[in-house]
Every structure is written in C-alpha cells, then in structure tokens.
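File shown here: start35.txt, holding compact mmCIF, C-alpha atoms.
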# COMPACT_ATOMS: atom_id res chain seq x y z
CA MET A 1 58.08 101.15 98.79
CA VAL A 2 61.67 101.09 100.03
CA LYS A 3 63.14 97.89 101.42
CA VAL A 4 65.69 98.35 104.21
CA ILE A 5 67.88 95.43 105.30
CA LEU A 6 70.13 95.13 108.34
CA ARG A 7 71.73 91.71 108.83
CA ASN A 8 68.74 89.29 108.87
CA ARG A 9 66.09 91.96 109.51
CA GLU A 10 63.98 93.65 106.84
CA TRP A 11 61.61 96.61 106.84
CA GLU A 12 59.50 98.42 104.27
CA LEU A 13 59.20 102.20 104.37
CA ARG A 14 57.54 104.85 102.24
CA PRO A 15 59.91 106.49 99.73
CA GLY A 16 60.88 110.15 99.80
CA MET A 17 62.55 110.43 103.17
CA THR A 18 66.27 110.88 103.77
CA VAL A 19 68.42 107.94 104.71
CA ARG A 20 68.99 109.50 108.13
CA SER A 21 65.24 109.86 108.70
CA ALA A 22 64.69 106.26 107.61
CA ILE A 23 67.33 105.00 110.05
CA LEU A 24 65.80 107.03 112.89
CA LYS A 25 62.29 105.87 111.99
CA LEU A 26 63.43 102.27 112.40
CA GLY A 27 64.74 103.09 115.88
CA LEU A 28 68.34 102.65 114.83
CA ASP A 29 71.33 104.90 115.51
CA PRO A 30 72.65 106.77 112.44
CA GLU A 31 76.10 106.79 114.06
CA ALA A 32 76.15 103.00 114.16
CA VAL A 33 75.25 102.13 110.56
CA LEU A 34 76.23 103.04 107.01
CA ALA A 35 73.81 102.88 104.08
CA VAL A 36 74.55 101.14 100.79
CA ARG A 37 72.38 101.30 97.66
CA GLU A 38 73.18 99.32 94.51
CA GLY A 39 76.53 98.41 96.02
CA LYS A 40 77.54 102.03 96.64
CA LEU A 41 77.85 103.89 99.90
CA ILE A 42 75.30 106.72 100.10
CA ASN A 43 75.29 109.74 102.41
CA GLU A 44 72.70 110.33 105.13
CA ALA A 45 70.93 113.13 103.24
CA THR A 46 70.19 110.95 100.20
CA LEU A 47 66.46 110.70 99.42
CA THR A 48 65.06 107.20 99.18
CA ARG A 49 63.21 106.29 95.97
CA ASP A 50 60.35 103.92 95.31
CA GLY A 51 61.80 100.47 94.60
CA ASP A 52 65.06 101.09 96.40
CA THR A 53 66.73 98.39 98.43
CA ILE A 54 68.92 99.98 101.07
CA LYS A 55 71.37 97.75 102.89
CA LEU A 56 72.47 99.02 106.28
CA VAL A 57 75.95 98.01 107.40
CA ALA A 58 76.53 97.88 111.15
CA VAL A 59 79.85 99.46 112.06
CA ILE A 60 80.24 98.68 115.76
CA SER A 61 82.46 95.82 116.72
CA GLY A 62 84.04 94.91 119.97
CA GLY A 63 84.61 92.34 122.60
CA MET B 1 74.89 116.49 99.72
CA LYS B 2 77.96 117.42 97.71
CA CYS B 3 81.66 116.72 98.13
CA LYS B 4 83.38 119.73 99.66
CA LYS B 5 86.38 119.25 97.37
CA CYS B 6 84.83 118.69 93.93
CA GLY B 7 81.04 119.05 94.14
CA ALA B 8 80.32 115.42 93.17
CA VAL B 9 77.81 113.42 95.20
CA ALA B 10 79.19 112.77 98.68
CA VAL B 11 79.34 109.22 100.04
CA ILE B 12 79.94 110.28 103.62
CA ASN B 13 79.29 113.25 105.85
CA MET B 14 81.55 113.60 108.89
CA ARG B 15 79.57 115.96 111.06
CA HIS B 16 82.35 116.43 113.63
CA HIS B 17 84.68 117.61 110.85
CA ARG B 18 81.89 119.43 108.97
CA LEU B 19 83.17 117.61 105.95
CA ALA B 20 81.29 115.70 103.24
CA LEU B 21 83.35 113.90 100.60
CA CYS B 22 82.87 111.85 97.41
CA ALA B 23 84.37 108.35 97.14
CA ASP B 24 87.69 109.39 95.60
CA HIS B 25 88.28 112.34 97.92
CA TYR B 26 87.25 110.29 100.94
CA LEU B 27 89.86 107.62 100.17
CA ASP B 28 92.52 110.32 99.77
CA TRP B 29 91.43 112.13 102.94
CA PHE B 30 91.45 108.91 104.98
CA VAL B 31 94.99 107.96 103.95
CA THR B 32 96.31 111.49 104.53
CA TYR B 33 94.61 111.72 107.92
CA THR B 34 96.18 108.42 108.97
CA GLN B 35 99.62 109.62 107.90
CA ARG B 36 99.09 112.84 109.87
CA THR B 37 98.20 110.78 112.93
CA ILE B 38 101.34 108.69 112.50
CA GLU B 39 103.39 111.90 112.39
CA LYS B 40 101.48 113.72 115.14
CA PHE B 41 102.17 110.99 117.67
CA ARG B 42 105.60 110.10 116.22
CA MET B 43 104.53 106.50 115.78
CA PHE B 44 107.18 105.41 113.28
CA GLY B 45 109.24 106.65 110.36
CA SER B 46 109.52 105.35 106.84
CA GLY B 47 112.54 103.13 107.51
CA GLY B 48 111.41 100.50 110.00
CA ARG B 49 109.46 97.32 109.35
CA LEU B 50 105.99 97.16 110.84
CA LEU B 51 103.93 94.24 112.05
CA VAL B 52 100.18 94.72 111.59
CA ALA B 53 97.85 92.61 113.71
CA VAL B 54 95.09 91.48 111.33
CA SER B 55 91.88 89.71 112.30
CA GLY B 56 90.00 89.75 108.99
CA GLY B 57 87.83 92.61 110.30
CA LYS B 58 87.35 96.05 108.76
CA ASP B 59 89.75 97.99 110.97
CA SER B 60 92.80 95.76 110.72
CA LEU B 61 92.47 95.11 106.97
CA ALA B 62 91.87 98.82 106.31
CA LEU B 63 94.98 99.60 108.36
CA TRP B 64 97.11 97.14 106.43
CA ASP B 65 95.73 98.56 103.18
CA VAL B 66 96.52 102.15 104.17
CA LEU B 67 100.03 101.36 105.44
CA LEU B 68 100.85 99.57 102.18
CA ARG B 69 99.43 102.47 100.15
CA LEU B 70 101.61 104.84 102.16
CA GLY B 71 104.65 102.76 101.20
CA TYR B 72 105.47 101.28 104.58
CA GLN B 73 106.96 97.82 104.80
CA ALA B 74 104.17 96.17 106.72
CA ASP B 75 103.85 92.45 107.40
CA GLY B 76 100.69 90.91 108.82
CA LEU B 77 100.12 88.76 111.89
CA TYR B 78 97.02 86.61 112.08
CA ILE B 79 96.36 84.73 115.30
CA LYS B 80 94.14 81.70 114.78
CA LEU B 81 92.12 81.50 117.97
CA GLY B 82 90.29 78.26 117.22
CA ILE B 83 86.78 79.70 117.49
CA GLU B 84 84.75 77.02 115.74
CA HIS B 85 81.27 78.55 116.03
CA GLN B 86 80.15 78.75 112.37
CA GLY B 87 83.80 78.32 111.38
CA TYR B 88 84.60 81.83 112.64
CA SER B 89 88.39 81.45 112.78
CA ASP B 90 88.67 79.66 109.42
CA VAL B 91 86.42 82.23 107.75
CA SER B 92 88.32 85.20 109.18
CA LEU B 93 91.65 83.73 108.04
CA ASP B 94 90.17 83.33 104.54
CA TYR B 95 89.42 87.07 104.47
CA VAL B 96 93.01 87.89 105.44
CA GLN B 97 94.47 85.59 102.81
CA ARG B 98 92.08 86.91 100.16
CA PHE B 99 93.15 90.46 101.01
CA LEU B 100 96.79 89.51 100.57
CA GLU B 101 96.13 87.78 97.25
CA THR B 102 93.68 90.18 95.65
CA SER B 103 93.80 93.64 97.23
CA GLU B 104 94.94 96.55 95.13
CA ALA B 105 97.27 97.73 97.92
CA ALA B 106 99.08 94.39 98.07
CA ASN B 107 99.01 93.90 94.30
CA PRO B 108 98.89 97.35 92.67
CA SER B 109 97.95 97.39 89.01
CA HIS B 110 100.12 100.43 88.43
CA GLY B 111 102.85 102.30 90.24
CA PRO B 112 105.66 100.71 92.24
CA ARG B 113 104.98 97.41 93.93
CA PRO B 114 105.13 97.64 97.69
CA THR B 115 108.06 96.04 99.43
CA GLN B 116 107.57 92.30 99.77
CA HIS B 117 105.26 91.62 102.70
CA VAL B 118 104.34 88.41 104.42
CA ILE B 119 101.65 87.10 106.73
CA HIS B 120 102.62 85.29 109.92
CA VAL B 121 99.91 82.87 111.04
CA VAL B 122 100.05 81.62 114.62
CA ASP B 123 97.64 78.78 115.32
CA ILE B 124 97.05 78.82 119.07
CA LYS B 125 95.91 75.20 119.30
CA GLY B 126 98.65 73.97 116.98
CA THR B 127 101.33 75.90 118.84
CA TYR B 128 100.24 75.59 122.45
CA GLY B 129 97.84 72.62 122.46
CA GLU B 130 94.46 74.24 123.16
CA SER B 131 92.18 76.69 121.38
CA ILE B 132 90.99 79.85 123.12
CA PRO B 133 87.53 78.42 123.97
CA GLU B 134 89.13 75.23 125.34
CA LEU B 135 91.63 77.22 127.36
CA ALA B 136 88.89 79.45 128.75
CA ARG B 137 86.82 76.45 129.79
CA ARG B 138 89.73 74.71 131.51
CA THR B 139 91.14 77.71 133.36
CA GLY B 140 87.83 79.35 134.28
CA ARG B 141 89.46 82.71 133.68
CA GLY B 142 86.91 85.31 132.58
CA ARG B 143 83.86 83.69 134.21
CA GLY B 144 82.58 81.88 131.15
CA LYS B 145 83.60 84.58 128.64
CA PRO B 146 86.77 83.72 126.73
CA CYS B 147 87.51 87.42 126.00
CA SER B 148 89.84 87.78 128.99
CA VAL B 149 91.92 84.73 128.02
CA CYS B 150 91.79 85.79 124.38
CA GLY B 151 93.18 89.26 125.13
CA LEU B 152 95.97 87.86 127.29
CA VAL B 153 97.01 85.29 124.68
CA LYS B 154 96.86 87.76 121.80
CA ARG B 155 99.00 90.33 123.65
CA HIS B 156 101.60 87.64 124.41
CA VAL B 157 101.74 86.32 120.84
CA MET B 158 101.79 89.78 119.26
CA ASN B 159 104.66 90.81 121.50
CA ARG B 160 106.57 87.59 120.83
CA VAL B 161 106.25 87.76 117.03
CA ALA B 162 107.11 91.48 116.96
CA GLN B 163 110.18 90.86 119.11
CA GLU B 164 111.39 87.77 117.25
CA GLY B 165 110.89 89.44 113.90
CA GLY B 166 112.77 92.59 114.92
CA TYR B 167 109.86 94.85 113.95
CA ALA B 168 110.07 98.55 114.75
CA ALA B 169 106.46 98.58 115.95
CA LEU B 170 103.32 96.52 116.26
CA ALA B 171 100.37 98.36 114.67
CA THR B 172 96.80 97.57 115.65
CA GLY B 173 93.55 98.75 114.08
CA HIS B 174 92.12 100.36 117.24
CA ASN B 175 89.92 103.28 116.18
CA LEU B 176 88.68 106.30 118.13
CA ASP B 177 85.50 104.49 119.20
CA ASP B 178 87.58 101.66 120.65
CA GLU B 179 89.75 104.12 122.54
CA ALA B 180 86.84 106.28 123.72
CA ALA B 181 84.97 103.19 124.97
CA VAL B 182 88.01 102.09 126.98
CA LEU B 183 88.41 105.63 128.29
CA LEU B 184 84.75 105.72 129.36
CA GLN B 185 85.03 102.33 131.04
CA ASN B 186 88.17 103.31 132.93
CA THR B 187 86.76 106.71 133.89
CA LEU B 188 83.52 105.21 135.22
CA ARG B 189 85.63 103.09 137.54
CA TRP B 190 88.39 105.68 138.04
CA GLN B 191 91.01 103.15 137.04
CA THR B 192 93.81 105.69 137.29
CA GLY B 193 96.54 103.20 136.48
CA TYR B 194 94.85 102.25 133.20
CA LEU B 195 94.09 105.92 132.42
CA ALA B 196 97.76 106.78 132.89
CA ARG B 197 98.77 104.08 130.41
CA GLN B 198 96.15 104.72 127.69
CA ALA B 199 97.91 106.30 124.71
CA PRO B 200 98.21 106.08 120.90
CA VAL B 201 101.79 104.88 121.36
CA LEU B 202 102.87 102.40 124.00
CA GLU B 203 106.62 102.70 124.20
CA ALA B 204 108.85 99.67 124.59
CA THR B 205 109.71 100.44 128.20
CA HIS B 206 111.55 97.14 128.62
CA PRO B 207 113.90 95.28 126.24
CA GLY B 208 111.37 92.45 126.01
CA LEU B 209 108.43 94.67 125.06
CA ALA B 210 107.47 95.63 121.52
CA ARG B 211 106.48 99.22 120.70
CA LYS B 212 102.73 99.39 120.03
CA VAL B 213 100.99 101.99 117.88
CA LYS B 214 97.40 102.79 116.89
CA PRO B 215 97.39 104.77 113.62
CA PHE B 216 93.55 104.87 113.45
CA CYS B 217 93.11 106.34 116.94
CA ARG B 218 91.70 109.63 115.54
CA LEU B 219 89.25 107.96 113.13
CA TYR B 220 85.68 107.02 114.00
CA GLU B 221 84.64 103.42 113.58
CA ARG B 222 82.09 104.40 110.91
CA GLU B 223 84.96 106.05 109.02
CA THR B 224 87.09 102.90 108.97
CA ALA B 225 84.01 100.90 107.89
CA ALA B 226 83.29 103.48 105.17
CA TYR B 227 86.89 103.26 103.97
CA ALA B 228 86.68 99.46 103.74
CA LEU B 229 83.36 99.67 101.83
CA VAL B 230 84.46 102.36 99.38
CA ARG B 231 87.84 100.72 98.88
CA GLY B 232 86.18 97.37 98.19
CA ILE B 233 87.94 95.55 101.04
CA ASP B 234 86.09 92.34 101.77
CA TYR B 235 86.06 91.81 105.53
CA ILE B 236 84.40 89.51 108.03
CA TYR B 237 81.14 91.23 108.89
CA ASP B 238 79.90 88.86 111.56
CA GLU B 239 80.95 89.72 115.07
CA CYS B 240 83.00 87.24 117.10
CA PRO B 241 80.34 84.96 118.68
CA HIS B 242 81.83 85.62 122.11
CA ALA B 243 81.49 89.41 121.76
CA THR B 244 77.68 89.35 122.10
CA GLY B 245 76.70 91.55 125.02
CA ALA B 246 80.28 92.79 125.53
CA THR B 247 80.66 95.84 127.76
CA THR B 248 82.73 97.58 125.08
CA ILE B 249 79.78 97.46 122.69
CA PHE B 250 77.44 98.91 125.33
CA HIS B 251 79.89 101.77 125.95
CA LYS B 252 80.22 102.43 122.23
CA GLU B 253 76.43 102.61 121.88
CA SER B 254 76.26 105.02 124.82
CA LEU B 255 78.92 107.25 123.29
CA ASN B 256 77.12 107.16 119.94
CA ARG B 257 73.97 108.49 121.60
CA LEU B 258 76.03 111.42 122.87
CA GLU B 259 77.53 111.86 119.43
CA GLY B 260 74.05 111.99 117.86
CA ARG B 261 73.07 114.84 120.14
CA SER B 262 76.44 116.57 120.03
CA PRO B 263 78.56 115.87 116.95
CA GLY B 264 82.21 115.66 117.93
CA ALA B 265 81.52 114.47 121.48
CA LYS B 266 83.56 111.28 121.07
CA HIS B 267 86.33 113.15 119.31
CA SER B 268 86.60 115.70 122.12
CA PHE B 269 86.26 113.13 124.87
CA TYR B 270 89.25 111.11 123.70
CA LEU B 271 91.51 113.73 122.13
CA GLU B 272 91.05 116.28 124.93
CA PHE B 273 91.92 113.51 127.38
CA LEU B 274 95.18 112.93 125.52
CA ARG B 275 95.85 116.67 125.39
CA ALA B 276 95.16 117.18 129.10
CA LYS B 277 97.38 114.24 129.97
CA LYS B 278 100.20 115.56 127.81
CA LYS B 279 99.97 118.98 129.45
CA GLY B 280 100.04 117.45 132.91
CA ARG B 281 96.51 118.53 133.77
CA LEU B 282 95.58 115.05 134.87
CA LEU B 283 97.47 114.19 137.99
CA LEU B 284 97.55 110.48 137.38
CA PRO B 285 99.96 108.46 139.45
CA ALA B 286 102.81 107.16 137.38
CA GLU B 287 102.95 103.62 138.60
CA GLU B 288 106.47 102.34 138.84
CA VAL B 289 106.25 98.66 138.11
CA GLU B 290 109.26 96.44 138.10
CA LEU B 291 109.36 94.07 135.16
CA HIS B 292 111.51 90.98 135.00
CA PRO B 293 111.69 88.11 132.52
CA CYS B 294 109.25 85.23 132.90
CA GLU B 295 111.11 82.08 133.97
CA LYS B 296 109.63 80.11 131.09
CA CYS B 297 109.08 82.35 128.04
CA GLY B 298 111.33 85.29 128.92
CA GLN B 299 108.69 87.95 128.24
CA PRO B 300 108.51 90.81 130.77
CA THR B 301 106.12 90.30 133.66
CA THR B 302 105.36 91.88 137.01
CA ALA B 303 104.48 88.53 138.56
CA PRO B 304 107.16 86.54 140.35
CA GLY B 305 108.20 83.41 138.47
CA LEU B 306 105.90 82.71 135.54
CA CYS B 307 103.96 85.34 133.59
CA ALA B 308 100.15 85.18 133.38
CA PHE B 309 100.36 83.63 129.89
CA CYS B 310 102.61 80.75 130.96
CA ARG B 311 100.51 80.11 134.06
CA LEU B 312 97.53 79.49 131.73
CA TRP B 313 99.20 76.42 130.29
CA GLN B 314 100.23 74.78 133.58
For this file, write the structure as structure tokens.
Amino acid sequence: MVKVILRNREWELRPGMTVRSAILKLGLDPEAVLAVREGKLINEATLTRDGDTIKLVAVISGG
Amino acid sequence: MKCKKCGAVAVINMRHHRLALCADHYLDWFVTYTQRTIEKFRMFGSGGRLLVAVSGGKDSLALWDVLLRLGYQADGLYIKLGIEHQGYSDVSLDYVQRFLETSEAANPSHGPRPTQHVIHVVDIKGTYGESIPELARRTGRGRGKPCSVCGLVKRHVMNRVAQEGGYAALATGHNLDDEAAVLLQNTLRWQTGYLARQAPVLEATHPGLARKVKPFCRLYERETAAYALVRGIDYIYDECPHATGATTIFHKESLNRLEGRSPGAKHSFYLEFLRAKKKGRLLLPAEEVELHPCEKCGQPTTAPGLCAFCRLWQ
C-alpha cells in the first residue's frame, strides 16, 4: 500500500497510480499541493510504488 | 516525465508553460524568470539597495534567496507581530534567522560572497506598546479578525524602515496567486480604485512613500513552494492562525479549480489584466488623491490630521 500524508491527515491507497490520480482520488486539488517522496520533490506523473510514503505539501497561504 | 532541458527525471511540470524540469534546471529557470520579471517591469537595477520583507514563509525567504543569488544587495525586514498562538511569531523569526545563518545564498560555499546584508527586526509590542492581537481587540478594527490591523501596521512599518534606510525599493514575496486573488476580489466588487492601483510596481508617488516591487508576480504559488523545497529552504509551514477561513484563500482555491480545468487560466487572468491596463483598454478612473504628512509620524496620508496608523494608538 501507499501511505499519503497531508499535515495531520493520513490515507492509504493502492500502488500503481500516478501522483496526480492519487491526489484527485483523495478529493484534493493537484494545483494546491506538491508531492515529496524520500525527501525529494516528485512530479505529478510519477507512479506510486508499494511501500511508498508520499508527503503532500500544501502550497496555498494567505490572510 | 522528463526534464525538457536534459532528459533527467522532472521534479515539476508547469502545465501553463508546457515545461517540465529536473531539480537543477528548475532552480536555474526560477532565478532567470525572476530576473526577467524584474527587468520586464523595470523594478530596480543592480546599483540600489533593496529591503526584502520577510515573514519566515516560503515566498519571502525564496525571494531573499533569489535576490542574493542574483547579486543584489538585499537586506531583510522582519516585523514581529506578537502572535502568541503556538509561538507563531517566535517560530517564524527563528526561520528567518536560520535562513540568514545557514542558507547557501547568504553564506555561499564557493563564488563571491554577497554584499554584506542585515536583518532589521521591528517588534511591534516592544516599539509601540501592543501586539497585533492586542491592538485588534482594543480598537475593534476588522470585526474580530486582526488581519486588517495587521496589514495597516505592516504597511506603515515597511514604508518607515525603507524610507529611513534609504532603500531603492521594498520587495515583497507576492506571487501570481496572491495577485490574481486580489484581482478576483476587486473585480467581483468592481473596486475600480483598487483595480487602477494594482500593479507589480507601486511607484513612490510622494516623497514619503517607498517604491514597492513584487518580483514573483509572474510565478505561481506552487512554483515558489517548489523552489523552496528543491533549494532546501526551511520555512514556516503552518499558516498564521488568524488566516483560517480568509477570503483570499477561498479566492485562491476558486482560481485553482479554474486552473485545473484550463491550465494557464490564472496566468492569463492576471497578466492580461496588466496588459490591458497598460494599453489603456481598461478605462479605470485615475483617482487624484491629495497626500499630506501625518501630524505625528510624518508619513503620507489622505486623512486630515493623523494617519490611520497613528489613530490606532490613540
């Protein structure tokens, strides 16, 4: 399985989908997050692998 | 997905530019694109000293990093707002100081050292007697949200420090998403006065006003975040506790939904607005406002007597 983390939320998804598909599947906006795996930024077309932990970084700030 | 320049694995795909880049080429592209923006809008030349408003967030630290890498003499200004929720102000100042002490841009391991740069820290409570949350509670300005008071105080302090320090310009980390959100907000309400004034460069139209520039105004927020991540800039990730539910965030999310459907929508919305304004296609009234010095602090104001900032402290 693939663990996806955004702030204090966690999900588990099946491996083999693209990062963009994973973000959409979780109901999140691909424009509003970046994906990091093993400390490195990864592009939206990257395929997730079994055992991956993907950290999503929210990019929107404001006030 | 491969880097368009070298074929290595891309770290980012910018759909509106149809451009995917690896880490090294992305960092180069980002710096070059910022320099092109500085030149395109004639923000500043290589000679003058710059004051960069830094909050500890991704945009302002990335901007300081890029300006130092480009060889500009850029000092920082951190305004300590006194937001105590989970030590927000102390933590954000720590990020700024850590950047200054450890970043590669401020302390390059090779190549020429950048011109000596300093950080000005203005503690609002220490200087004026009350923190932003305390001031907001006492004055009631902003209907329970300190953001209105915060913006007013920050604008005053930034202008004062830029003026006193003789800086050629005050640079802020506003990105394209920030600008597009403001544009959407002002368009929804047809705030023609604000629309007329929105620009990447705010000229010093009065001797008491500092010149203000936004070198990241053509870069998406996810691009500045990506730069900070790839560059290894440690920034405060948590949002200001008072920003929860802010209208700006709602407008950014709305624009991102458009962007998802139509890559480049935000880019066109903002940059075509600037282009139309420049070509005179938007017949916005040029408001002639008479500025005069505030009786107390001397900064320009339209109000008779004291400026809005000084009235806060009465």
Expressed in Å, the length from atom CA of B:Gln299 to atom CA of B:Met43 is 22.7 Å
_Contacts from chain B to chain A, 6 Å maximum, only C-alpha atoms: show me the residue list as a PyMOL selection string._
chain B and resi 11-12+222+243+246+248-249+256
Once 4 Å is added on each side, what centre and edge lengths in Å to one decimal does the axis-aligned box around all listed atoms of stretch 72-82 of chain B have, as lines of an AutoDock Vina configuration file?
center_x = 98.6
center_y = 89.8
center_z = 111.3
size_x = 24.7
size_y = 31.0
size_z = 21.4
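Across B:Asp123, B:Asp24, B:Glu104, B:Glu130, the tightest approach to B:Gln314 is made by B:Glu130 when counting all atoms listed in the file.
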Name the residues within 6 Å of (95.7, 91.1, 114.6), counting all atoms listed in the file in the file's coordinates, and put them as a ChimeraX atom specification. /B:53-55,77-78
If you count all atoms listed in the file, the residue of B:Glu259, B:Asp238, B:Glu221, B:Glu290 closest to B:Thr205 turns out to be B:Glu290
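Here atom CA of B:Leu274 and atom CA of B:Thr224 stand 21.0 Å from one another.
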Atom CA of B:Cys217 to atom CA of B:Ser92 measures 23.0 Å
